[in-house]
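Below: entry-v6.csv (CSV, C-alpha atoms and all ligand atoms)
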chain,number,residue,atom,x,y,z
A,1,MET,CA,-59.9,-30.9,-53.6
A,2,PRO,CA,-62.8,-33.3,-52.7
A,3,LYS,CA,-61.8,-36.4,-50.8
A,4,ILE,CA,-63.1,-40.0,-51.2
A,5,MET,CA,-63.1,-42.0,-48.0
A,6,ILE,CA,-62.2,-45.6,-48.7
A,7,PRO,CA,-63.9,-48.3,-46.6
A,8,THR,CA,-61.5,-50.6,-44.7
A,9,PRO,CA,-62.1,-53.8,-46.8
A,10,LEU,CA,-61.2,-51.9,-50.0
A,11,ARG,CA,-58.0,-50.3,-48.7
A,12,GLN,CA,-56.1,-53.5,-49.8
A,13,PHE,CA,-56.9,-52.4,-53.4
A,14,ALA,CA,-55.7,-48.8,-52.8
A,15,ASP,CA,-52.2,-49.2,-51.4
A,16,LYS,CA,-53.7,-49.3,-47.9
A,17,LYS,CA,-54.8,-45.7,-48.2
A,18,ASP,CA,-57.9,-44.7,-46.2
A,19,ALA,CA,-58.8,-41.7,-48.3
A,20,MET,CA,-57.8,-40.2,-51.7
A,21,GLU,CA,-58.0,-36.6,-52.9
A,22,VAL,CA,-59.5,-36.2,-56.4
A,23,ARG,CA,-59.7,-33.5,-59.0
A,24,GLY,CA,-63.1,-34.5,-60.4
A,25,THR,CA,-65.9,-32.0,-60.3
A,26,THR,CA,-68.7,-34.7,-60.2
A,27,VAL,CA,-69.1,-37.9,-58.2
A,28,GLY,CA,-68.8,-39.9,-61.5
A,29,GLU,CA,-65.5,-38.3,-62.3
A,30,ALA,CA,-64.2,-38.7,-58.8
A,31,LEU,CA,-65.0,-42.4,-58.8
A,32,ALA,CA,-63.5,-42.8,-62.3
A,33,GLU,CA,-60.3,-41.3,-60.9
A,34,LEU,CA,-60.3,-43.6,-58.0
A,35,THR,CA,-60.7,-46.7,-60.1
A,36,ALA,CA,-58.2,-45.5,-62.7
A,37,ALA,CA,-55.6,-45.1,-60.0
A,38,HIS,CA,-56.5,-48.4,-58.4
A,39,PRO,CA,-57.9,-50.7,-61.0
A,40,ASP,CA,-58.6,-53.6,-58.5
A,41,MET,CA,-61.2,-51.4,-56.9
A,42,LYS,CA,-63.3,-51.3,-60.0
A,43,LYS,CA,-64.9,-54.7,-59.8
A,44,ASN,CA,-65.8,-54.1,-56.2
A,45,LEU,CA,-67.7,-51.0,-57.0
A,46,PHE,CA,-69.0,-51.5,-60.6
A,47,THR,CA,-70.6,-54.3,-62.6
A,48,ASP,CA,-69.2,-55.3,-66.0
A,49,GLU,CA,-71.7,-52.9,-67.5
A,50,GLY,CA,-70.3,-50.0,-65.5
A,51,LYS,CA,-73.2,-49.6,-63.2
A,52,LEU,CA,-72.7,-49.2,-59.4
A,53,ARG,CA,-73.2,-52.6,-57.8
A,54,SER,CA,-76.4,-53.1,-55.9
A,55,PHE,CA,-74.7,-53.1,-52.5
A,56,VAL,CA,-72.9,-49.8,-53.1
A,57,ASN,CA,-74.3,-46.4,-52.0
A,58,VAL,CA,-72.4,-43.2,-52.4
A,59,TYR,CA,-72.8,-40.2,-50.2
A,60,VAL,CA,-71.5,-36.6,-50.6
A,61,ASN,CA,-71.1,-35.4,-47.1
A,62,ASP,CA,-74.4,-36.5,-45.5
A,63,GLU,CA,-76.5,-36.9,-48.7
A,64,ASP,CA,-77.2,-40.0,-50.7
A,65,ILE,CA,-76.4,-39.2,-54.3
A,66,ARG,CA,-79.5,-41.2,-55.4
A,67,PHE,CA,-81.5,-38.2,-54.0
A,68,LEU,CA,-79.1,-35.6,-55.5
A,69,GLU,CA,-78.0,-35.8,-59.1
A,70,LYS,CA,-76.6,-39.4,-59.0
A,71,ASP,CA,-73.2,-39.6,-60.7
A,72,LYS,CA,-73.6,-36.1,-62.0
A,73,THR,CA,-73.7,-34.7,-58.4
A,74,PRO,CA,-71.2,-31.9,-58.2
A,75,VAL,CA,-68.3,-32.0,-55.8
A,76,ALA,CA,-65.9,-29.3,-54.7
A,77,ALA,CA,-63.0,-28.7,-52.4
A,78,GLY,CA,-63.9,-29.6,-48.8
A,79,ASP,CA,-66.6,-32.2,-49.9
A,80,THR,CA,-66.3,-35.7,-48.6
A,81,ILE,CA,-67.4,-38.6,-50.8
A,82,SER,CA,-68.2,-41.8,-48.8
A,83,ILE,CA,-68.8,-45.3,-50.1
A,84,VAL,CA,-71.4,-47.0,-48.0
A,85,PRO,CA,-72.7,-50.5,-48.2
A,86,SER,CA,-76.4,-51.3,-48.7
A,87,ILE,CA,-77.4,-54.2,-46.5
A,88,ALA,CA,-80.5,-56.1,-45.6
A,89,GLY,CA,-81.6,-59.7,-45.0
A,90,GLY,CA,-84.0,-62.1,-43.3
A,91,ILE,CA,-84.5,-65.7,-42.5
B,92,MET,CA,-61.3,-66.0,-38.7
B,93,ILE,CA,-63.3,-63.6,-36.6
B,94,LYS,CA,-63.0,-63.2,-32.8
B,95,ILE,CA,-65.6,-61.3,-30.8
B,96,GLU,CA,-64.6,-59.8,-27.5
B,97,GLN,CA,-66.7,-60.1,-24.3
B,98,GLU,CA,-68.2,-56.6,-24.2
B,99,ALA,CA,-69.1,-56.6,-27.9
B,100,TRP,CA,-70.6,-60.0,-27.6
B,101,ARG,CA,-72.7,-58.9,-24.6
B,102,LEU,CA,-74.1,-56.0,-26.6
B,103,MET,CA,-74.9,-58.2,-29.6
B,104,VAL,CA,-76.7,-60.9,-27.6
B,105,ASP,CA,-78.6,-58.4,-25.5
B,106,HIS,CA,-79.8,-56.5,-28.6
B,107,ALA,CA,-80.9,-59.8,-30.2
B,108,GLN,CA,-82.7,-61.0,-27.1
B,109,LYS,CA,-84.4,-57.6,-26.5
B,110,THR,CA,-85.7,-57.3,-30.0
B,111,TYR,CA,-87.1,-60.9,-30.0
B,112,PRO,CA,-89.4,-62.0,-31.6
B,113,ASN,CA,-88.2,-59.5,-34.2
B,114,GLU,CA,-84.9,-59.6,-36.0
B,115,CYS,CA,-82.2,-57.2,-34.8
B,116,CYS,CA,-79.2,-55.8,-36.7
B,117,GLY,CA,-76.1,-53.8,-36.0
B,118,ALA,CA,-72.5,-53.1,-36.9
B,119,MET,CA,-69.3,-54.7,-35.5
B,120,LEU,CA,-66.3,-52.5,-35.1
B,121,GLY,CA,-62.7,-53.6,-34.5
B,122,LEU,CA,-59.4,-54.4,-36.0
B,123,ILE,CA,-58.1,-56.6,-38.8
B,124,GLU,CA,-54.6,-58.1,-38.3
B,125,GLY,CA,-53.5,-60.5,-41.0
B,126,ASP,CA,-56.2,-63.2,-41.1
B,127,VAL,CA,-57.7,-62.4,-37.8
B,128,LYS,CA,-60.6,-59.9,-37.4
B,129,THR,CA,-61.2,-58.8,-33.8
B,130,VAL,CA,-64.5,-57.3,-32.9
B,131,ARG,CA,-63.9,-54.8,-30.0
B,132,THR,CA,-67.3,-53.2,-29.9
B,133,ALA,CA,-70.7,-53.6,-31.4
B,134,LEU,CA,-73.2,-50.9,-32.4
B,135,PRO,CA,-76.8,-52.0,-32.1
B,136,LEU,CA,-78.7,-50.3,-35.0
B,137,GLU,CA,-82.4,-49.9,-35.7
B,138,ASN,CA,-84.1,-52.5,-38.0
B,139,ALA,CA,-85.5,-50.2,-40.7
B,140,TYR,CA,-87.4,-52.8,-42.6
B,141,PRO,CA,-90.9,-51.4,-43.2
B,142,GLY,CA,-92.8,-54.7,-43.0
B,143,ALA,CA,-92.9,-57.7,-40.7
B,144,GLN,CA,-89.6,-57.7,-38.8
B,145,ARG,CA,-89.9,-61.2,-37.5
B,146,GLU,CA,-88.3,-62.4,-40.7
B,147,ARG,CA,-86.6,-59.4,-42.2
B,148,TYR,CA,-84.1,-56.7,-41.4
B,149,GLU,CA,-82.8,-53.6,-43.2
B,150,LEU,CA,-80.0,-51.3,-42.2
B,151,ARG,CA,-80.1,-47.6,-43.0
B,152,SER,CA,-77.1,-46.6,-45.1
B,153,GLU,CA,-77.0,-43.4,-43.0
B,154,ASP,CA,-76.5,-45.5,-39.9
B,155,LEU,CA,-73.7,-47.4,-41.5
B,156,LEU,CA,-72.1,-44.1,-42.5
B,157,VAL,CA,-72.2,-43.0,-38.9
B,158,ALA,CA,-70.8,-46.4,-37.8
B,159,GLU,CA,-67.9,-46.1,-40.2
B,160,ARG,CA,-67.1,-42.6,-39.0
B,161,GLU,CA,-67.4,-43.7,-35.4
B,162,ALA,CA,-65.0,-46.5,-36.1
B,163,ARG,CA,-62.4,-44.2,-37.7
B,164,LYS,CA,-62.7,-41.7,-34.9
B,165,ASN,CA,-61.8,-44.5,-32.4
B,166,GLY,CA,-59.0,-46.0,-34.5
B,167,MET,CA,-61.1,-49.0,-35.5
B,168,ASP,CA,-62.7,-50.3,-38.6
B,169,LEU,CA,-66.2,-51.3,-39.6
B,170,ILE,CA,-65.5,-55.0,-40.1
B,171,GLY,CA,-68.9,-56.7,-40.0
B,172,ILE,CA,-72.6,-56.7,-39.6
B,173,PHE,CA,-74.7,-58.8,-37.2
B,174,HIS,CA,-78.4,-59.8,-37.3
B,175,SER,CA,-80.6,-62.3,-35.5
B,176,HIS,CA,-82.8,-65.2,-36.7
B,177,PRO,CA,-85.7,-65.5,-34.2
B,178,ASP,CA,-86.6,-69.2,-33.7
B,179,CYS,CA,-84.5,-70.2,-36.7
B,180,ASP,CA,-81.0,-71.5,-37.2
B,181,ALA,CA,-78.0,-69.2,-37.9
B,182,TYR,CA,-77.8,-70.0,-41.6
B,183,PHE,CA,-77.3,-67.5,-44.4
B,184,SER,CA,-80.6,-67.2,-46.1
B,185,LYS,CA,-81.4,-66.4,-49.8
B,186,THR,CA,-82.6,-63.0,-48.6
B,187,ASP,CA,-79.4,-62.5,-46.6
B,188,LEU,CA,-77.3,-63.4,-49.7
B,189,GLU,CA,-79.3,-61.2,-52.2
B,190,ASN,CA,-78.9,-58.2,-49.9
B,191,SER,CA,-75.4,-58.8,-48.7
B,192,CYS,CA,-72.1,-57.0,-49.3
B,193,PRO,CA,-68.9,-59.0,-49.9
B,194,TRP,CA,-66.7,-56.7,-48.0
B,195,TYR,CA,-67.9,-57.7,-44.6
B,196,SER,CA,-68.3,-60.6,-42.2
B,197,PHE,CA,-72.0,-61.4,-41.4
B,198,VAL,CA,-72.6,-62.8,-38.0
B,199,VAL,CA,-76.0,-64.4,-37.6
B,200,LEU,CA,-77.3,-65.1,-34.0
B,201,SER,CA,-80.0,-67.8,-33.6
B,202,ILE,CA,-82.4,-66.8,-30.9
B,203,GLN,CA,-84.6,-69.6,-29.7
B,204,LYS,CA,-87.6,-68.8,-27.5
B,205,GLY,CA,-86.1,-65.5,-26.6
B,206,GLN,CA,-82.6,-66.9,-25.6
B,207,PHE,CA,-79.3,-67.0,-27.5
B,208,HIS,CA,-78.8,-70.5,-29.0
B,209,HIS,CA,-75.9,-70.4,-31.4
B,210,ALA,CA,-74.1,-68.2,-34.0
B,211,ASN,CA,-72.3,-68.4,-37.3
B,212,SER,CA,-70.3,-66.0,-39.4
B,213,TRP,CA,-70.6,-65.8,-43.2
B,214,LEU,CA,-68.6,-64.3,-46.0
B,215,PRO,CA,-70.8,-63.7,-49.1
B,216,ASN,CA,-69.2,-63.5,-52.6
B,217,MET,CA,-69.3,-60.6,-54.9
B,218,GLU,CA,-72.1,-62.1,-57.1
B,219,GLN,CA,-74.3,-62.7,-54.1
B,220,THR,CA,-74.7,-66.3,-55.1
B,221,GLU,CA,-73.0,-68.0,-52.1
B,222,ALA,CA,-71.6,-67.4,-48.7
B,223,ALA,CA,-68.6,-69.3,-47.1
B,224,LYS,CA,-68.7,-70.1,-43.4
B,225,GLU,CA,-66.0,-68.2,-41.5
B,226,GLU,CA,-64.4,-69.5,-38.3
B,227,LEU,CA,-66.1,-67.7,-35.4
B,228,GLU,CA,-64.9,-67.4,-31.8
B,229,HIS,CA,-67.1,-65.8,-29.2
B,230,PRO,CA,-67.3,-65.8,-25.4
B,231,HIS,CA,-69.8,-68.1,-23.7
B,232,ALA,CA,-73.1,-66.3,-23.1
A,301,ZN,ZN,-80.7,-63.7,-42.0
Taking this structure as input, can you express it in the form of structure tokens?
Ligand SMILES: [Zn+2]
Amino acid sequence: MPKIMIPTPLRQFADKKDAMEVRGTTVGEALAELTAAHPDMKKNLFTDEGKLRSFVNVYVNDEDIRFLEKDKTPVAAGDTISIVPSIAGGI
Amino acid sequence: MIKIEQEAWRLMVDHAQKTYPNECCGAMLGLIEGDVKTVRTALPLENAYPGAQRERYELRSEDLLVAEREARKNGMDLIGIFHSHPDCDAYFSKTDLENSCPWYSFVVLSIQKGQFHHANSWLPNMEQTEAAKEELEHPHA
């Protein structure tokens, strides 16, 4: 099964787990499974309109899903889905 | 509160002073126990902002992915991000806020005329509309 790695600050919303195995066959399904199992995670990842928040990037193994098929990117056994922050700034 | 250990602090200040007059950025790795975050080590990362880096920084998500993996491998967590403000106070700017992530502590180092001056830590909210000041403890430079 594919595995979603949970960033440290979000583990408090996932019974302290650092990863979760999912059955989904796309990134969208996998993330839906994660937020269904742990509803408090949802507002950290998605806006009220159901879009990924601007500070959230998702990777399958080493690839950014924005450059693959976004939430339709396929995932299979052995794949690792990572939630990675998007960060910049200035003065 | 967030406490930064000696070696991590040295790496952060060095990186900020070396990249002056440009902004620097990097990741802070460590442990969270109750209300206390302890930064054990820092990972200086490249400023990937394509324009003038005197007043902007950008982290590559790929670099943060590597930082997160590095942390896990060493039994630590990615707990924060640091960047510098060359010849500017260590406030959390509008640009900082609009490009922040509420899951992490943001330490800003003020570098004045090439030397470390002061630092603050900030906790931005989910809507990226405000950041609360976090109690920060760091060694003397
Ligand atoms: Zn800034």
Within 7 Å of chain B, which residues of chain A are there when counting only C-alpha atoms? Please give them as a PyMOL selection string.
chain A and resi 8-9+55+84-91
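The space between atom CA of Val60 of chain A and atom CA of Leu214 of chain B spans 28.2 Å.
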Selection near segment 96-108 of chain B, 12 Å with only C-alpha atoms, sequence-local residues under 2 positions removed, as a ChimeraX atom specification:
/B:93-94,110-122,128-138,145,172-178,198-210,227-232
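Going from atom CA of Asn211 of chain B to atom CA of Gln12 of chain A covers 25.3 Å.
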List the spatial neighbours of Glu29 of chain A as a CSV table (one decimal) with C-alpha atoms, in the frame of the given file - criterion: any atom at most 9 Å away, all atoms listed in the file, same-chain residues fewer than 6 positions off excluded.
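This is the output file part_35.csv:
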chain,number,residue,atom,x,y,z
A,22,VAL,CA,-59.5,-36.2,-56.4
A,23,ARG,CA,-59.7,-33.5,-59.0
A,71,ASP,CA,-73.2,-39.6,-60.7
A,72,LYS,CA,-73.6,-36.1,-62.0
Can you pull out the residues contacting Leu45 of chain A? Cut-off 10 Å, using all atoms listed in the file, and skip same-chain residues under 3 positions away; I want them as a count of residues only.
16
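In this model, the gap between atom CA of Lys3 of chain A and atom CA of Met20 of chain A comes to 5.6 Å.
Counting all atoms listed in the file, the residue from B:Met92, B:Ser212, B:Pro141, B:Gly166 that sits nearest to ligand ZN 301 (chain A) is B:Ser212.
Nearest-residue note for Ile81 of chain A: choosing from A:Thr26, A:Lys16, A:Lys43, A:Glu49, the minimum distance belongs to A:Thr26, counting all atoms listed in the file.
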Choose the residue, out of B:Gly142, B:Val127, B:Trp213, B:Lys224, that has the smallest atom-to-atom separation from ligand ZN 301 (chain A); count only C-alpha atoms and all ligand atoms.
B:Trp213
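Closest approach to ligand ZN 301 (chain A) from the set B:Glu161, B:Glu226, B:Thr220, B:Phe197 is made by B:Phe197, with distances taken over all atoms listed in the file.
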Please reconstruct the missing atoms of segment 44-55 of chain A (target: all heavy atoms) and return them as a PDB file, in the frame of the given file.
ATOM      1  N   ASN A  44     -65.114 -54.160 -57.430  1.00  0.00           N
ATOM      2  CA  ASN A  44     -65.800 -54.100 -56.200  1.00  0.00           C
ATOM      3  C   ASN A  44     -66.937 -53.046 -56.174  1.00  0.00           C
ATOM      4  O   ASN A  44     -67.891 -53.140 -55.416  1.00  0.00           O
ATOM      5  CB  ASN A  44     -64.856 -53.749 -55.025  1.00  0.00           C
ATOM      6  CG  ASN A  44     -64.187 -54.980 -54.468  1.00  0.00           C
ATOM      7  OD1 ASN A  44     -64.778 -55.685 -53.669  1.00  0.00           O
ATOM      8  ND2 ASN A  44     -62.979 -55.252 -54.919  1.00  0.00           N
ATOM      9  N   LEU A  45     -66.775 -52.057 -57.028  1.00  0.00           N
ATOM     10  CA  LEU A  45     -67.700 -51.000 -57.000  1.00  0.00           C
ATOM     11  C   LEU A  45     -68.701 -50.994 -58.225  1.00  0.00           C
ATOM     12  O   LEU A  45     -69.851 -50.584 -58.109  1.00  0.00           O
ATOM     13  CB  LEU A  45     -66.996 -49.606 -57.050  1.00  0.00           C
ATOM     14  CG  LEU A  45     -66.057 -49.323 -55.885  1.00  0.00           C
ATOM     15  CD1 LEU A  45     -65.373 -47.973 -56.080  1.00  0.00           C
ATOM     16  CD2 LEU A  45     -66.822 -49.334 -54.568  1.00  0.00           C
ATOM     17  N   PHE A  46     -68.211 -51.502 -59.372  1.00  0.00           N
ATOM     18  CA  PHE A  46     -69.000 -51.500 -60.600  1.00  0.00           C
ATOM     19  C   PHE A  46     -69.224 -52.850 -61.190  1.00  0.00           C
ATOM     20  O   PHE A  46     -68.357 -53.712 -61.092  1.00  0.00           O
ATOM     21  CB  PHE A  46     -68.347 -50.564 -61.636  1.00  0.00           C
ATOM     22  CG  PHE A  46     -68.263 -49.109 -61.224  1.00  0.00           C
ATOM     23  CD1 PHE A  46     -67.092 -48.603 -60.660  1.00  0.00           C
ATOM     24  CD2 PHE A  46     -69.346 -48.263 -61.380  1.00  0.00           C
ATOM     25  CE1 PHE A  46     -67.012 -47.264 -60.266  1.00  0.00           C
ATOM     26  CE2 PHE A  46     -69.279 -46.928 -60.996  1.00  0.00           C
ATOM     27  CZ  PHE A  46     -68.109 -46.426 -60.430  1.00  0.00           C
ATOM     28  N   THR A  47     -70.373 -53.028 -61.855  1.00  0.00           N
ATOM     29  CA  THR A  47     -70.600 -54.300 -62.600  1.00  0.00           C
ATOM     30  C   THR A  47     -69.848 -54.170 -63.926  1.00  0.00           C
ATOM     31  O   THR A  47     -69.312 -53.107 -64.267  1.00  0.00           O
ATOM     32  CB  THR A  47     -72.116 -54.412 -62.938  1.00  0.00           C
ATOM     33  OG1 THR A  47     -72.502 -53.315 -63.781  1.00  0.00           O
ATOM     34  CG2 THR A  47     -72.981 -54.396 -61.681  1.00  0.00           C
ATOM     35  N   ASP A  48     -69.834 -55.269 -64.675  1.00  0.00           N
ATOM     36  CA  ASP A  48     -69.200 -55.300 -66.000  1.00  0.00           C
ATOM     37  C   ASP A  48     -69.765 -54.226 -66.917  1.00  0.00           C
ATOM     38  O   ASP A  48     -69.110 -53.731 -67.837  1.00  0.00           O
ATOM     39  CB  ASP A  48     -69.217 -56.652 -66.623  1.00  0.00           C
ATOM     40  CG  ASP A  48     -68.382 -57.660 -65.840  1.00  0.00           C
ATOM     41  OD1 ASP A  48     -67.522 -57.216 -65.040  1.00  0.00           O
ATOM     42  OD2 ASP A  48     -68.592 -58.882 -66.022  1.00  0.00           O
ATOM     43  N   GLU A  49     -71.043 -53.915 -66.670  1.00  0.00           N
ATOM     44  CA  GLU A  49     -71.700 -52.900 -67.500  1.00  0.00           C
ATOM     45  C   GLU A  49     -71.439 -51.488 -67.061  1.00  0.00           C
ATOM     46  O   GLU A  49     -71.963 -50.530 -67.638  1.00  0.00           O
ATOM     47  CB  GLU A  49     -73.244 -53.142 -67.508  1.00  0.00           C
ATOM     48  CG  GLU A  49     -73.712 -54.428 -68.183  1.00  0.00           C
ATOM     49  CD  GLU A  49     -73.490 -55.662 -67.325  1.00  0.00           C
ATOM     50  OE1 GLU A  49     -73.802 -55.607 -66.112  1.00  0.00           O
ATOM     51  OE2 GLU A  49     -72.976 -56.669 -67.844  1.00  0.00           O
ATOM     52  N   GLY A  50     -70.640 -51.357 -66.000  1.00  0.00           N
ATOM     53  CA  GLY A  50     -70.300 -50.000 -65.500  1.00  0.00           C
ATOM     54  C   GLY A  50     -71.277 -49.369 -64.604  1.00  0.00           C
ATOM     55  O   GLY A  50     -71.191 -48.179 -64.310  1.00  0.00           O
ATOM     56  N   LYS A  51     -72.258 -50.171 -64.132  1.00  0.00           N
ATOM     57  CA  LYS A  51     -73.200 -49.600 -63.200  1.00  0.00           C
ATOM     58  C   LYS A  51     -72.694 -49.862 -61.745  1.00  0.00           C
ATOM     59  O   LYS A  51     -72.038 -50.870 -61.487  1.00  0.00           O
ATOM     60  CB  LYS A  51     -74.554 -50.396 -63.295  1.00  0.00           C
ATOM     61  CG  LYS A  51     -75.418 -49.952 -64.457  1.00  0.00           C
ATOM     62  CD  LYS A  51     -76.891 -50.234 -64.090  1.00  0.00           C
ATOM     63  CE  LYS A  51     -77.857 -49.481 -64.976  1.00  0.00           C
ATOM     64  NZ  LYS A  51     -77.828 -49.955 -66.375  1.00  0.00           N
ATOM     65  N   LEU A  52     -73.037 -48.948 -60.840  1.00  0.00           N
ATOM     66  CA  LEU A  52     -72.700 -49.200 -59.400  1.00  0.00           C
ATOM     67  C   LEU A  52     -73.317 -50.460 -58.977  1.00  0.00           C
ATOM     68  O   LEU A  52     -74.476 -50.736 -59.297  1.00  0.00           O
ATOM     69  CB  LEU A  52     -73.197 -48.016 -58.562  1.00  0.00           C
ATOM     70  CG  LEU A  52     -72.295 -46.817 -58.281  1.00  0.00           C
ATOM     71  CD1 LEU A  52     -72.999 -45.866 -57.341  1.00  0.00           C
ATOM     72  CD2 LEU A  52     -70.932 -47.221 -57.715  1.00  0.00           C
ATOM     73  N   ARG A  53     -72.587 -51.292 -58.236  1.00  0.00           N
ATOM     74  CA  ARG A  53     -73.200 -52.600 -57.800  1.00  0.00           C
ATOM     75  C   ARG A  53     -74.318 -52.283 -56.797  1.00  0.00           C
ATOM     76  O   ARG A  53     -74.369 -51.234 -56.154  1.00  0.00           O
ATOM     77  CB  ARG A  53     -72.079 -53.392 -57.080  1.00  0.00           C
ATOM     78  CG  ARG A  53     -71.065 -53.961 -58.066  1.00  0.00           C
ATOM     79  CD  ARG A  53     -70.218 -55.035 -57.421  1.00  0.00           C
ATOM     80  NE  ARG A  53     -69.272 -55.609 -58.358  1.00  0.00           N
ATOM     81  CZ  ARG A  53     -69.538 -56.655 -59.163  1.00  0.00           C
ATOM     82  NH1 ARG A  53     -70.725 -57.242 -59.136  1.00  0.00           N
ATOM     83  NH2 ARG A  53     -68.620 -57.113 -59.982  1.00  0.00           N
ATOM     84  N   SER A  54     -75.220 -53.260 -56.692  1.00  0.00           N
ATOM     85  CA  SER A  54     -76.400 -53.100 -55.900  1.00  0.00           C
ATOM     86  C   SER A  54     -76.134 -52.784 -54.431  1.00  0.00           C
ATOM     87  O   SER A  54     -76.904 -52.144 -53.737  1.00  0.00           O
ATOM     88  CB  SER A  54     -77.355 -54.262 -56.023  1.00  0.00           C
ATOM     89  OG  SER A  54     -76.694 -55.412 -55.520  1.00  0.00           O
ATOM     90  N   PHE A  55     -74.987 -53.292 -53.953  1.00  0.00           N
ATOM     91  CA  PHE A  55     -74.700 -53.100 -52.500  1.00  0.00           C
ATOM     92  C   PHE A  55     -73.835 -51.856 -52.266  1.00  0.00           C
ATOM     93  O   PHE A  55     -73.326 -51.688 -51.163  1.00  0.00           O
ATOM     94  CB  PHE A  55     -73.976 -54.353 -51.956  1.00  0.00           C
ATOM     95  CG  PHE A  55     -72.792 -54.845 -52.742  1.00  0.00           C
ATOM     96  CD1 PHE A  55     -71.557 -54.207 -52.659  1.00  0.00           C
ATOM     97  CD2 PHE A  55     -72.903 -55.968 -53.553  1.00  0.00           C
ATOM     98  CE1 PHE A  55     -70.471 -54.655 -53.373  1.00  0.00           C
ATOM     99  CE2 PHE A  55     -71.815 -56.436 -54.282  1.00  0.00           C
ATOM    100  CZ  PHE A  55     -70.599 -55.767 -54.192  1.00  0.00           C
TER     101      PHE A  55
END
